[in-house]
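Pasting start-v1.cif here (mmCIF, C-alpha atoms and all ligand atoms):
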```cif
data_target
#
loop_
_atom_site.group_PDB
_atom_site.id
_atom_site.type_symbol
_atom_site.label_atom_id
_atom_site.label_comp_id
_atom_site.auth_asym_id
_atom_site.auth_seq_id
_atom_site.Cartn_x
_atom_site.Cartn_y
_atom_site.Cartn_z
ATOM 1 C CA MET A 1 -79.259 41.421 7.981
ATOM 2 C CA LYS A 2 -78.807 45.048 9.030
ATOM 3 C CA ILE A 3 -80.795 47.552 6.990
ATOM 4 C CA PHE A 4 -79.705 51.178 6.633
ATOM 5 C CA SER A 5 -81.120 54.157 4.829
ATOM 6 C CA LYS A 6 -79.018 56.951 6.363
ATOM 7 C CA ILE A 7 -75.491 57.495 5.036
ATOM 8 C CA LYS A 8 -74.122 58.455 8.439
ATOM 9 C CA LEU A 9 -75.437 55.284 10.109
ATOM 10 C CA ILE A 10 -74.107 52.847 7.498
ATOM 11 C CA ARG A 11 -70.738 54.637 7.613
ATOM 12 C CA THR A 12 -70.543 54.266 11.384
ATOM 13 C CA HIS A 13 -71.559 50.594 11.180
ATOM 14 C CA ILE A 14 -68.900 49.882 8.564
ATOM 15 C CA GLU A 15 -66.229 51.764 10.468
ATOM 16 C CA TYR A 16 -66.845 50.087 13.831
ATOM 17 C CA GLU A 17 -68.497 46.723 13.120
ATOM 18 C CA CYS A 18 -66.663 45.751 9.937
ATOM 19 C CA ALA A 19 -63.150 46.917 10.814
ATOM 20 C CA GLY A 20 -60.507 44.543 9.478
ATOM 21 C CA LYS A 21 -63.053 42.589 7.410
ATOM 22 C CA THR A 22 -63.289 42.530 3.626
ATOM 23 C CA ILE A 23 -66.484 43.952 2.182
ATOM 24 C CA ALA A 24 -68.087 43.064 -1.144
ATOM 25 C CA LEU A 25 -70.771 45.332 -2.588
ATOM 26 C CA VAL A 26 -73.516 44.299 -5.009
ATOM 27 C CA PRO A 27 -75.297 47.435 -6.262
ATOM 28 C CA THR A 28 -78.854 46.848 -7.549
ATOM 29 C CA MET A 29 -82.057 48.669 -8.376
ATOM 30 C CA GLY A 30 -84.121 46.045 -6.580
ATOM 31 C CA ALA A 31 -86.822 43.662 -7.853
ATOM 32 C CA ILE A 32 -84.323 41.007 -6.809
ATOM 33 C CA HIS A 33 -84.071 37.909 -9.021
ATOM 34 C CA GLU A 34 -81.731 34.939 -9.467
ATOM 35 C CA GLY A 35 -79.333 37.098 -11.503
ATOM 36 C CA HIS A 36 -78.790 39.388 -8.505
ATOM 37 C CA LEU A 37 -78.582 36.367 -6.180
ATOM 38 C CA SER A 38 -75.825 34.846 -8.326
ATOM 39 C CA LEU A 39 -73.730 37.994 -7.751
ATOM 40 C CA ILE A 40 -74.363 37.705 -4.017
ATOM 41 C CA LYS A 41 -73.156 34.088 -4.076
ATOM 42 C CA ILE A 42 -69.881 35.206 -5.647
ATOM 43 C CA ALA A 43 -69.615 38.045 -3.103
ATOM 44 C CA LYS A 44 -70.095 35.618 -0.210
ATOM 45 C CA LYS A 45 -67.263 33.423 -1.466
ATOM 46 C CA LYS A 46 -64.872 36.332 -1.855
ATOM 47 C CA ALA A 47 -65.493 38.586 1.151
ATOM 48 C CA ASP A 48 -66.265 38.496 4.887
ATOM 49 C CA ILE A 49 -69.164 40.949 4.632
ATOM 50 C CA VAL A 50 -71.689 41.199 1.796
ATOM 51 C CA ALA A 51 -73.423 44.534 1.297
ATOM 52 C CA VAL A 52 -76.246 45.057 -1.212
ATOM 53 C CA SER A 53 -77.700 48.393 -2.208
ATOM 54 C CA ILE A 54 -81.161 48.983 -3.609
ATOM 55 C CA PHE A 55 -81.568 52.349 -5.272
ATOM 56 C CA VAL A 56 -83.596 53.161 -8.357
ATOM 57 C CA ASN A 57 -81.234 55.867 -9.530
ATOM 58 C CA PRO A 58 -83.196 58.687 -11.195
ATOM 59 C CA LYS A 59 -80.018 60.075 -12.820
ATOM 60 C CA GLN A 60 -79.556 57.026 -15.026
ATOM 61 C CA PHE A 61 -83.038 57.095 -16.559
ATOM 62 C CA ASN A 62 -83.314 59.170 -19.692
ATOM 63 C CA ASN A 63 -87.002 58.244 -19.947
ATOM 64 C CA ILE A 64 -89.235 59.390 -17.096
ATOM 65 C CA GLU A 65 -91.917 56.753 -17.827
ATOM 66 C CA ASP A 66 -89.316 53.984 -17.597
ATOM 67 C CA PHE A 67 -88.253 55.388 -14.212
ATOM 68 C CA LYS A 68 -91.816 55.675 -12.900
ATOM 69 C CA LYS A 69 -92.686 52.142 -14.023
ATOM 70 C CA TYR A 70 -89.519 50.498 -12.689
ATOM 71 C CA PRO A 71 -90.687 47.473 -10.627
ATOM 72 C CA GLN A 72 -90.539 47.968 -6.840
ATOM 73 C CA THR A 73 -90.861 44.855 -4.678
ATOM 74 C CA LEU A 74 -89.090 45.963 -1.524
ATOM 75 C CA LYS A 75 -90.794 43.620 0.936
ATOM 76 C CA SER A 76 -89.969 40.433 -0.968
ATOM 77 C CA ASP A 77 -86.526 41.839 -1.858
ATOM 78 C CA LYS A 78 -85.661 42.117 1.843
ATOM 79 C CA GLN A 79 -86.742 38.529 2.433
ATOM 80 C CA LYS A 80 -84.764 37.181 -0.537
ATOM 81 C CA LEU A 81 -81.625 39.084 0.496
ATOM 82 C CA ALA A 82 -81.873 37.977 4.127
ATOM 83 C CA ASP A 83 -82.343 34.357 2.963
ATOM 84 C CA ALA A 84 -79.274 34.705 0.730
ATOM 85 C CA GLY A 85 -77.172 35.634 3.772
ATOM 86 C CA VAL A 86 -76.621 39.309 2.960
ATOM 87 C CA ASP A 87 -75.095 41.155 5.925
ATOM 88 C CA ILE A 88 -75.867 44.771 5.077
ATOM 89 C CA LEU A 89 -78.696 46.198 2.987
ATOM 90 C CA PHE A 90 -78.452 49.878 2.033
ATOM 91 C CA ILE A 91 -81.623 51.560 0.781
ATOM 92 C CA PRO A 92 -80.688 55.223 0.591
ATOM 93 C CA ASP A 93 -83.103 58.086 0.325
ATOM 94 C CA VAL A 94 -82.975 59.919 -3.001
ATOM 95 C CA ARG A 95 -82.931 63.337 -1.256
ATOM 96 C CA GLU A 96 -79.860 62.387 0.721
ATOM 97 C CA ILE A 97 -78.050 60.922 -2.263
ATOM 98 C CA TYR A 98 -78.868 63.906 -4.484
ATOM 99 C CA PRO A 99 -79.323 67.030 -2.374
ATOM 100 C CA GLN A 100 -80.613 69.902 -4.484
ATOM 101 C CA ASP A 101 -77.252 71.612 -4.355
ATOM 102 C CA CYS A 102 -75.305 68.631 -5.738
ATOM 103 C CA LEU A 103 -73.155 70.174 -8.480
ATOM 104 C CA VAL A 104 -71.130 67.184 -9.617
ATOM 105 C CA MET A 105 -71.630 65.543 -12.969
ATOM 106 C CA VAL A 106 -69.415 62.825 -14.383
ATOM 107 C CA LYS A 107 -68.287 63.002 -17.988
ATOM 108 C CA LEU A 108 -67.301 59.799 -19.740
ATOM 109 C CA GLU A 109 -65.687 59.267 -23.114
ATOM 110 C CA LYS A 110 -65.072 56.547 -25.697
ATOM 111 C CA LEU A 111 -66.677 53.572 -23.931
ATOM 112 C CA THR A 112 -70.003 55.442 -24.021
ATOM 113 C CA GLU A 113 -69.859 56.154 -27.778
ATOM 114 C CA ASN A 114 -71.801 53.054 -28.831
ATOM 115 C CA LEU A 115 -74.608 50.733 -27.748
ATOM 116 C CA CYS A 116 -76.594 51.997 -24.709
ATOM 117 C CA GLY A 117 -74.290 55.031 -24.453
ATOM 118 C CA LYS A 118 -75.452 56.162 -27.877
ATOM 119 C CA THR A 119 -79.163 55.508 -27.550
ATOM 120 C CA ARG A 120 -79.536 56.482 -23.847
ATOM 121 C CA PRO A 121 -77.664 59.787 -23.573
ATOM 122 C CA GLY A 122 -76.616 60.545 -19.995
ATOM 123 C CA HIS A 123 -77.383 56.998 -18.784
ATOM 124 C CA PHE A 124 -73.821 55.923 -17.968
ATOM 125 C CA GLU A 125 -72.959 59.329 -16.501
ATOM 126 C CA GLY A 126 -75.812 58.687 -14.030
ATOM 127 C CA VAL A 127 -74.560 55.160 -13.381
ATOM 128 C CA ALA A 128 -71.009 56.437 -12.814
ATOM 129 C CA LEU A 129 -72.188 59.078 -10.329
ATOM 130 C CA ILE A 130 -74.156 56.630 -8.167
ATOM 131 C CA ILE A 131 -71.382 54.042 -8.241
ATOM 132 C CA ILE A 132 -68.773 56.592 -7.136
ATOM 133 C CA LYS A 133 -71.121 57.682 -4.318
ATOM 134 C CA LEU A 134 -71.822 54.094 -3.200
ATOM 135 C CA PHE A 135 -68.113 53.257 -3.286
ATOM 136 C CA ASN A 136 -67.327 56.372 -1.210
ATOM 137 C CA ILE A 137 -70.014 55.544 1.347
ATOM 138 C CA ILE A 138 -69.407 51.794 1.709
ATOM 139 C CA LYS A 139 -65.711 51.621 0.718
ATOM 140 C CA PRO A 140 -65.981 48.046 -0.585
ATOM 141 C CA ASP A 141 -62.857 45.989 -1.233
ATOM 142 C CA LEU A 142 -64.642 44.446 -4.182
ATOM 143 C CA ALA A 143 -67.846 44.928 -6.127
ATOM 144 C CA ILE A 144 -69.656 42.462 -8.371
ATOM 145 C CA PHE A 145 -71.431 43.421 -11.605
ATOM 146 C CA GLY A 146 -73.235 41.265 -14.175
ATOM 147 C CA GLU A 147 -72.068 40.756 -17.743
ATOM 148 C CA LYS A 148 -75.725 41.137 -18.684
ATOM 149 C CA ASP A 149 -74.870 44.874 -18.592
ATOM 150 C CA PHE A 150 -71.496 44.387 -20.239
ATOM 151 C CA GLN A 151 -70.990 48.017 -21.280
ATOM 152 C CA GLN A 152 -71.726 49.111 -17.704
ATOM 153 C CA LEU A 153 -69.201 46.567 -16.373
ATOM 154 C CA GLN A 154 -66.456 47.833 -18.709
ATOM 155 C CA ILE A 155 -67.223 51.473 -17.873
ATOM 156 C CA ILE A 156 -67.057 50.793 -14.140
ATOM 157 C CA ARG A 157 -63.777 48.915 -14.578
ATOM 158 C CA LYS A 158 -62.297 51.917 -16.391
ATOM 159 C CA LEU A 159 -63.834 54.395 -13.962
ATOM 160 C CA THR A 160 -62.239 52.765 -10.914
ATOM 161 C CA GLU A 161 -58.918 52.579 -12.743
ATOM 162 C CA ASP A 162 -59.015 56.223 -13.890
ATOM 163 C CA LEU A 163 -60.098 57.547 -10.470
ATOM 164 C CA ASN A 164 -57.691 55.269 -8.535
ATOM 165 C CA ILE A 165 -60.591 53.776 -6.591
ATOM 166 C CA ASN A 166 -59.347 50.901 -4.479
ATOM 167 C CA THR A 167 -62.228 48.519 -5.237
ATOM 168 C CA LYS A 168 -61.713 45.369 -7.287
ATOM 169 C CA ILE A 169 -64.385 44.954 -9.971
ATOM 170 C CA ILE A 170 -65.582 41.419 -10.670
ATOM 171 C CA GLY A 171 -67.749 40.447 -13.640
ATOM 172 C CA ALA A 172 -70.325 37.632 -13.376
ATOM 173 C CA ASN A 173 -72.028 35.466 -16.010
ATOM 174 C CA THR A 174 -75.541 36.224 -17.191
ATOM 175 C CA ILE A 175 -78.225 34.085 -15.573
ATOM 176 C CA ARG A 176 -81.018 33.004 -17.935
ATOM 177 C CA GLU A 177 -84.432 31.404 -17.758
ATOM 178 C CA LYS A 178 -84.770 27.937 -19.293
ATOM 179 C CA SER A 179 -86.100 29.663 -22.407
ATOM 180 C CA GLY A 180 -82.797 31.528 -22.730
ATOM 181 C CA LEU A 181 -84.277 34.897 -21.745
ATOM 182 C CA ALA A 182 -81.793 36.789 -19.550
ATOM 183 C CA LEU A 183 -83.273 37.487 -16.123
ATOM 184 C CA SER A 184 -84.091 41.155 -15.656
ATOM 185 C CA SER A 185 -86.243 43.163 -13.270
ATOM 186 C CA ARG A 186 -87.960 44.611 -16.343
ATOM 187 C CA ASN A 187 -89.213 41.112 -17.298
ATOM 188 C CA LEU A 188 -91.824 41.617 -14.553
ATOM 189 C CA ARG A 189 -93.460 44.172 -16.817
ATOM 190 C CA LEU A 190 -93.855 41.798 -19.769
ATOM 191 C CA ASP A 191 -97.383 40.551 -20.442
ATOM 192 C CA LYS A 192 -98.167 36.958 -21.414
ATOM 193 C CA LYS A 193 -97.798 37.555 -25.144
ATOM 194 C CA SER A 194 -94.490 39.435 -24.791
ATOM 195 C CA ARG A 195 -93.083 36.718 -22.518
ATOM 196 C CA LYS A 196 -93.494 34.247 -25.389
ATOM 197 C CA ILE A 197 -91.707 36.561 -27.815
ATOM 198 C CA ALA A 198 -88.875 37.682 -25.484
ATOM 199 C CA PRO A 199 -86.760 34.456 -25.618
ATOM 200 C CA GLY A 200 -86.257 35.313 -29.323
ATOM 201 C CA ILE A 201 -83.562 37.774 -28.183
ATOM 202 C CA TYR A 202 -81.198 35.021 -27.035
ATOM 203 C CA GLN A 203 -82.151 32.783 -29.974
ATOM 204 C CA ILE A 204 -81.082 35.444 -32.465
ATOM 205 C CA LEU A 205 -77.826 36.120 -30.579
ATOM 206 C CA LYS A 206 -77.005 32.403 -30.703
ATOM 207 C CA GLN A 207 -77.883 32.238 -34.403
ATOM 208 C CA ILE A 208 -75.540 35.127 -35.239
ATOM 209 C CA ARG A 209 -72.763 33.569 -33.166
ATOM 210 C CA GLU A 210 -73.143 30.225 -34.943
ATOM 211 C CA LYS A 211 -73.036 31.868 -38.376
ATOM 212 C CA LEU A 212 -69.855 33.778 -37.513
ATOM 213 C CA LEU A 213 -68.133 30.783 -35.976
ATOM 214 C CA LYS A 214 -68.946 28.679 -39.031
ATOM 215 C CA ASP A 215 -67.690 31.228 -41.518
ATOM 216 C CA ASN A 216 -65.895 34.355 -40.363
ATOM 217 C CA ASN A 217 -65.994 35.828 -43.853
ATOM 218 C CA TYR A 218 -69.736 36.318 -43.494
ATOM 219 C CA SER A 219 -70.710 39.954 -44.032
ATOM 220 C CA ILE A 220 -71.540 41.348 -40.592
ATOM 221 C CA LYS A 221 -73.803 43.984 -42.130
ATOM 222 C CA LEU A 222 -75.804 41.303 -43.940
ATOM 223 C CA ILE A 223 -76.128 39.104 -40.834
ATOM 224 C CA ILE A 224 -77.289 42.056 -38.747
ATOM 225 C CA ASP A 225 -79.797 43.291 -41.347
ATOM 226 C CA GLU A 226 -81.289 39.804 -41.668
ATOM 227 C CA ALA A 227 -81.472 39.362 -37.882
ATOM 228 C CA LYS A 228 -83.210 42.726 -37.427
ATOM 229 C CA LYS A 229 -85.856 41.717 -39.988
ATOM 230 C CA GLU A 230 -86.345 38.410 -38.193
ATOM 231 C CA LEU A 231 -86.822 40.145 -34.846
ATOM 232 C CA ILE A 232 -89.528 42.427 -36.238
ATOM 233 C CA LYS A 233 -91.220 39.414 -37.846
ATOM 234 C CA ALA A 234 -91.120 37.609 -34.488
ATOM 235 C CA GLY A 235 -93.107 40.448 -32.891
ATOM 236 C CA PHE A 236 -90.522 42.843 -31.449
ATOM 237 C CA GLU A 237 -91.586 46.473 -31.718
ATOM 238 C CA ARG A 238 -88.221 47.999 -32.575
ATOM 239 C CA VAL A 239 -84.546 47.093 -32.551
ATOM 240 C CA ASP A 240 -82.703 49.830 -30.670
ATOM 241 C CA TYR A 241 -79.363 48.381 -31.685
ATOM 242 C CA LEU A 242 -77.821 45.092 -32.747
ATOM 243 C CA GLU A 243 -74.059 45.314 -33.034
ATOM 244 C CA ILE A 244 -70.929 43.246 -32.841
ATOM 245 C CA CYS A 245 -68.215 45.031 -30.862
ATOM 246 C CA THR A 246 -64.833 44.313 -29.351
ATOM 247 C CA GLU A 247 -64.916 43.534 -25.626
ATOM 248 C CA ASN A 248 -62.095 45.901 -24.733
ATOM 249 C CA ASP A 249 -63.105 49.192 -26.269
ATOM 250 C CA LEU A 250 -66.674 48.407 -27.385
ATOM 251 C CA GLN A 251 -66.028 49.514 -30.969
ATOM 252 C CA PRO A 252 -68.115 47.897 -33.753
ATOM 253 C CA ILE A 253 -66.246 45.434 -35.938
ATOM 254 C CA LYS A 254 -66.700 45.042 -39.679
ATOM 255 C CA LYS A 255 -65.173 41.580 -39.899
ATOM 256 C CA PHE A 256 -65.091 38.871 -37.244
ATOM 257 C CA ASP A 257 -61.597 37.935 -36.118
ATOM 258 C CA PRO A 258 -61.528 34.961 -33.701
ATOM 259 C CA LYS A 259 -58.294 36.333 -32.203
ATOM 260 C CA ILE A 260 -60.009 39.517 -30.964
ATOM 261 C CA LYS A 261 -62.461 39.078 -28.080
ATOM 262 C CA SER A 262 -65.840 40.307 -29.249
ATOM 263 C CA ARG A 263 -69.514 40.172 -28.311
ATOM 264 C CA ILE A 264 -72.889 40.534 -29.953
ATOM 265 C CA PHE A 265 -74.945 43.238 -28.221
ATOM 266 C CA ILE A 266 -78.654 43.851 -28.534
ATOM 267 C CA ALA A 267 -81.339 46.203 -27.217
ATOM 268 C CA VAL A 268 -84.939 45.776 -28.355
ATOM 269 C CA TYR A 269 -88.301 47.210 -27.485
ATOM 270 C CA LEU A 270 -91.088 44.779 -26.741
ATOM 271 C CA ASN A 271 -94.441 46.200 -25.718
ATOM 272 C CA GLN A 272 -92.648 49.507 -24.907
ATOM 273 C CA ILE A 273 -90.239 47.716 -22.567
ATOM 274 C CA ARG A 274 -86.569 47.939 -23.423
ATOM 275 C CA LEU A 275 -84.626 44.686 -23.003
ATOM 276 C CA ILE A 276 -80.881 44.201 -23.454
ATOM 277 C CA ASP A 277 -78.631 41.195 -23.768
ATOM 278 C CA ASN A 278 -75.228 40.166 -25.143
ATOM 279 C CA VAL A 279 -73.196 37.022 -25.809
ATOM 280 C CA LYS A 280 -69.511 36.345 -26.177
ATOM 281 C CA ILE A 281 -68.576 34.984 -29.604
HETATM 282 P P1 LIG B 1 -80.005 46.016 -11.810
HETATM 283 O O1 LIG B 1 -80.785 45.797 -10.544
HETATM 284 O O2 LIG B 1 -80.746 45.622 -13.046
HETATM 285 O O3 LIG B 1 -79.379 47.390 -11.890
HETATM 286 O O4 LIG B 1 -78.792 44.988 -11.738
HETATM 287 C C1 LIG B 1 -77.915 44.959 -10.651
HETATM 288 C C2 LIG B 1 -76.748 44.075 -10.993
HETATM 289 O O5 LIG B 1 -77.224 42.760 -11.318
HETATM 290 C C3 LIG B 1 -75.960 44.562 -12.214
HETATM 291 O O6 LIG B 1 -74.581 44.340 -11.991
HETATM 292 C C4 LIG B 1 -76.470 43.676 -13.316
HETATM 293 O O7 LIG B 1 -75.557 43.495 -14.373
HETATM 294 C C5 LIG B 1 -76.704 42.370 -12.567
HETATM 295 N N1 LIG B 1 -77.668 41.524 -13.290
HETATM 296 C C6 LIG B 1 -78.892 41.885 -13.753
HETATM 297 N N2 LIG B 1 -79.476 40.847 -14.400
HETATM 298 C C7 LIG B 1 -78.588 39.825 -14.365
HETATM 299 C C8 LIG B 1 -78.584 38.485 -14.860
HETATM 300 N N3 LIG B 1 -79.612 37.984 -15.548
HETATM 301 N N4 LIG B 1 -77.506 37.709 -14.618
HETATM 302 C C9 LIG B 1 -76.442 38.199 -13.922
HETATM 303 N N5 LIG B 1 -76.380 39.452 -13.425
HETATM 304 C C10 LIG B 1 -77.434 40.257 -13.633
#
```
Let me see the structure of the file written as structure tokens.
Ligand code: AMP
Amino acid sequence: MKIFSKIKLIRTHIEYECAGKTIALVPTMGAIHEGHLSLIKIAKKKADIVAVSIFVNPKQFNNIEDFKKYPQTLKSDKQKLADAGVDILFIPDVREIYPQDCLVMVKLEKLTENLCGKTRPGHFEGVALIIIKLFNIIKPDLAIFGEKDFQQLQIIRKLTEDLNINTKIIGANTIREKSGLALSSRNLRLDKKSRKIAPGIYQILKQIREKLLKDNNYSIKLIIDEAKKELIKAGFERVDYLEICTENDLQPIKKFDPKIKSRIFIAVYLNQIRLIDNVKI
């Protein structure tokens, strides 16, 4: 595995050593887990060269504490990625990615109106900026993103379409622990007590899905209100959002219609750590 931190060097490597080969990119913020590795497996099947980036992107954190406390496990990350057969690892320097005179900001509409876009202002604009930069540096033929961050996946799909970026976006299933808890780098920050409570996120999502599939006349407002109460009773600190939205445009629905693809989305705080998840209905 070749490791680069300088933009110029990775560009030269890609231009001369990867000419004529297809490249798949898996962007990450590190603290590599089985969720990330599942994206790499897909990338390996679909492309000649697999590139992974590790960059804890300051522009997508609207909470400085969350940024400072983001888990960093670079040494074991490198080992895991090399073992997974990654060809190129890009760990850029923040000063090179965002020189002080960087004037560009991305503005997004509609898909950012709800869910994380609503409660983390500026988050997806930061995500969009780093993804555009990574795509311009690495020029991947395809890039893999997890459905765990479903809103992010949809925004990146639309972004590449709107900007005519020639990179195919592929979505991948969410990988979970046996308990049902979606794997996340932030899980590393959960203490013993919170780890026992956290699987309640997936349990409640499944419960809501079952209720809706059994009877689609169920009042969505009632289901959501009940579920929020249950989450607080189970020990969660705060429910940031719990909503049922269409997959396409991420707009909340008032009544479940099995003909329209929709998902249940959740973000909760547990011991000051924000966890998100979603399931398809
Ligand atoms: P992150 O390092 O959290 O920014 O995630 C990097 C990529 O891995 C994103 O495309 C995420 O959606 C994806 N990802 C994170 N957790 C999971 C998971 N449990 N299953 C599948 N993909 C995931």
Would you name the residues within 10 Å of ligand LIG 1 (chain B), counting only C-alpha atoms and all ligand atoms, and put them as a compact mmCIF listing (two decimals) with C-alpha atoms, in the coordinates of the input?
```txt
# COMPACT_ATOMS: atom_id res chain seq x y z
CA VAL A 26 -73.52 44.30 -5.01
CA PRO A 27 -75.30 47.44 -6.26
CA THR A 28 -78.85 46.85 -7.55
CA MET A 29 -82.06 48.67 -8.38
CA GLY A 30 -84.12 46.04 -6.58
CA ALA A 31 -86.82 43.66 -7.85
CA ILE A 32 -84.32 41.01 -6.81
CA HIS A 33 -84.07 37.91 -9.02
CA GLU A 34 -81.73 34.94 -9.47
CA GLY A 35 -79.33 37.10 -11.50
CA HIS A 36 -78.79 39.39 -8.51
CA LEU A 37 -78.58 36.37 -6.18
CA SER A 38 -75.82 34.85 -8.33
CA LEU A 39 -73.73 37.99 -7.75
CA ILE A 40 -74.36 37.70 -4.02
CA VAL A 52 -76.25 45.06 -1.21
CA SER A 53 -77.70 48.39 -2.21
CA ILE A 54 -81.16 48.98 -3.61
CA PHE A 55 -81.57 52.35 -5.27
CA VAL A 56 -83.60 53.16 -8.36
CA ASN A 57 -81.23 55.87 -9.53
CA VAL A 127 -74.56 55.16 -13.38
CA ALA A 143 -67.85 44.93 -6.13
CA ILE A 144 -69.66 42.46 -8.37
CA PHE A 145 -71.43 43.42 -11.60
CA GLY A 146 -73.24 41.26 -14.18
CA GLU A 147 -72.07 40.76 -17.74
CA LYS A 148 -75.72 41.14 -18.68
CA ASP A 149 -74.87 44.87 -18.59
CA PHE A 150 -71.50 44.39 -20.24
CA GLN A 151 -70.99 48.02 -21.28
CA GLN A 152 -71.73 49.11 -17.70
CA LEU A 153 -69.20 46.57 -16.37
CA ILE A 170 -65.58 41.42 -10.67
CA GLY A 171 -67.75 40.45 -13.64
CA ALA A 172 -70.32 37.63 -13.38
CA ASN A 173 -72.03 35.47 -16.01
CA THR A 174 -75.54 36.22 -17.19
CA ILE A 175 -78.22 34.08 -15.57
CA ARG A 176 -81.02 33.00 -17.93
CA GLU A 177 -84.43 31.40 -17.76
CA LEU A 181 -84.28 34.90 -21.74
CA ALA A 182 -81.79 36.79 -19.55
CA LEU A 183 -83.27 37.49 -16.12
CA SER A 184 -84.09 41.16 -15.66
CA SER A 185 -86.24 43.16 -13.27
CA ARG A 186 -87.96 44.61 -16.34
CA ILE A 276 -80.88 44.20 -23.45
CA ASP A 277 -78.63 41.20 -23.77
```
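Reported to one decimal place, the separation of CA of Lys8 in chain A from CA of Lys21 in chain A is 19.4 Å.
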Residues of range 90-196 of chain A that approach range 230-242 of chain A to 12 Å or less, counting all atoms listed in the file: could you list each one with the shortest pair of atoms and its distance in Å to one decimal, rows by chain and increasing residue number, as a Markdown table?
```
| residue | atom | partner | partner_atom | distance |
| --- | --- | --- | --- | --- |
| A:Asn114 | CA | A:Tyr241 | CA | 9.3 |
| A:Leu115 | CA | A:Tyr241 | CA | 6.6 |
| A:Cys116 | CA | A:Tyr241 | CA | 8.3 |
| A:Gly117 | CA | A:Tyr241 | CA | 11.1 |
| A:Lys118 | CA | A:Tyr241 | CA | 9.5 |
| A:Thr119 | CA | A:Asp240 | CA | 7.4 |
| A:Arg120 | CA | A:Asp240 | CA | 10.0 |
| A:Lys193 | CA | A:Gly235 | CA | 9.5 |
| A:Ser194 | CA | A:Gly235 | CA | 8.3 |
| A:Arg195 | CA | A:Gly235 | CA | 11.0 |
| A:Lys196 | CA | A:Gly235 | CA | 9.7 |
```
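Note that CA of Glu125 in chain A and CA of Leu111 in chain A are 11.3 Å apart.
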Evaluate the PyMOL selection byres (((chain A and resi 212) around 12) and not hetatm) on the structure here and hand back the selected residues as a ChimeraX atom specification. /A:205-211,213-224,244,254-258,262-264,280-281
A straight line from CA of Asn248 in chain A to CA of Ser179 in chain A spans 29.1 Å
- Task: Quick one: apply the PyMOL selection byres (((chain A and resi 165) around 12) and not hetatm) to the file and drop the selected residues here as a ChimeraX atom specification.
- Result: /A:131-136,139-143,156-164,166-169
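Protein, DNA and RNA residues at most 8 Å from (-75.0, 63.9, -19.5), with all atoms listed in the file, are these: Met105, Val106, Lys107, Pro121, Gly122, His123, Glu125 and Gly126 of chain A.
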Counting all atoms listed in the file, the residue among A:Pro92, A:Asp225, A:Ile64, A:Leu25 that lies closest to Lys46 in chain A is A:Leu25
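Among the candidates A:Ile23, A:Ala43, A:Leu74, A:Leu129, the residue lying nearest to Ile97 in chain A is A:Leu129 (atoms considered: only C-alpha atoms).
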Using all atoms listed in the file - which residues lie no farther than 6 Å from the point (-81.5, 61.2, -8.1) in the file's frame? Write them as an mmCIF file with C-alpha atoms, in the coordinates of the input.
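Writing done, so here's part_1.cif:
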```cif
data_model
loop_
_atom_site.group_PDB
_atom_site.id
_atom_site.type_symbol
_atom_site.label_atom_id
_atom_site.label_comp_id
_atom_site.auth_asym_id
_atom_site.auth_seq_id
_atom_site.Cartn_x
_atom_site.Cartn_y
_atom_site.Cartn_z
ATOM 1 C CA ASN A 57 -81.234 55.867 -9.530
ATOM 2 C CA PRO A 58 -83.196 58.687 -11.195
ATOM 3 C CA LYS A 59 -80.018 60.075 -12.820
ATOM 4 C CA VAL A 94 -82.975 59.919 -3.001
ATOM 5 C CA TYR A 98 -78.868 63.906 -4.484
#
```
**Asked** Applied to this file, what does the PyMOL selection byres (((chain A and resi 49) around 8) and not hetatm) return in terms of residues, put as a list in words?
**Response** Cys18, Lys21, Thr22, Ile23, Ala24, Lys44, Ala47, Asp48, Val50, Ala51, Val86, Asp87 and Ile88 of chain A
Selection file, C-alpha atoms, as a tab-separated table (two decimals), in the frame of the given file:
```tsv
chain	number	residue	atom	x	y	z
A	18	CYS	CA	-66.66	45.75	9.94
A	21	LYS	CA	-63.05	42.59	7.41
A	22	THR	CA	-63.29	42.53	3.63
A	23	ILE	CA	-66.48	43.95	2.18
A	24	ALA	CA	-68.09	43.06	-1.14
A	44	LYS	CA	-70.10	35.62	-0.21
A	47	ALA	CA	-65.49	38.59	1.15
A	48	ASP	CA	-66.26	38.50	4.89
A	50	VAL	CA	-71.69	41.20	1.80
A	51	ALA	CA	-73.42	44.53	1.30
A	86	VAL	CA	-76.62	39.31	2.96
A	87	ASP	CA	-75.10	41.16	5.92
A	88	ILE	CA	-75.87	44.77	5.08
```
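Each of A:Thr12, A:Asn62, A:Asn271, A:Ser76 was checked against Asp191 in chain A using all atoms listed in the file; the smallest atom-to-atom distance is that of A:Asn271.
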Closest of A:Tyr16, A:Val268, A:Glu247, A:Ile197 to Lys228 in chain A, counting only C-alpha atoms, is A:Val268
Show me, as AutoDock Vina command-line options, the centre and edge lengths in Å to one decimal of the axis-aligned box that covers every listed atom of range 21-34 of chain A with 3 Å on each side.
```
--center_x -74.9 --center_y 41.8 --center_z -1.0 --size_x 29.8 --size_y 19.7 --size_z 22.9
```
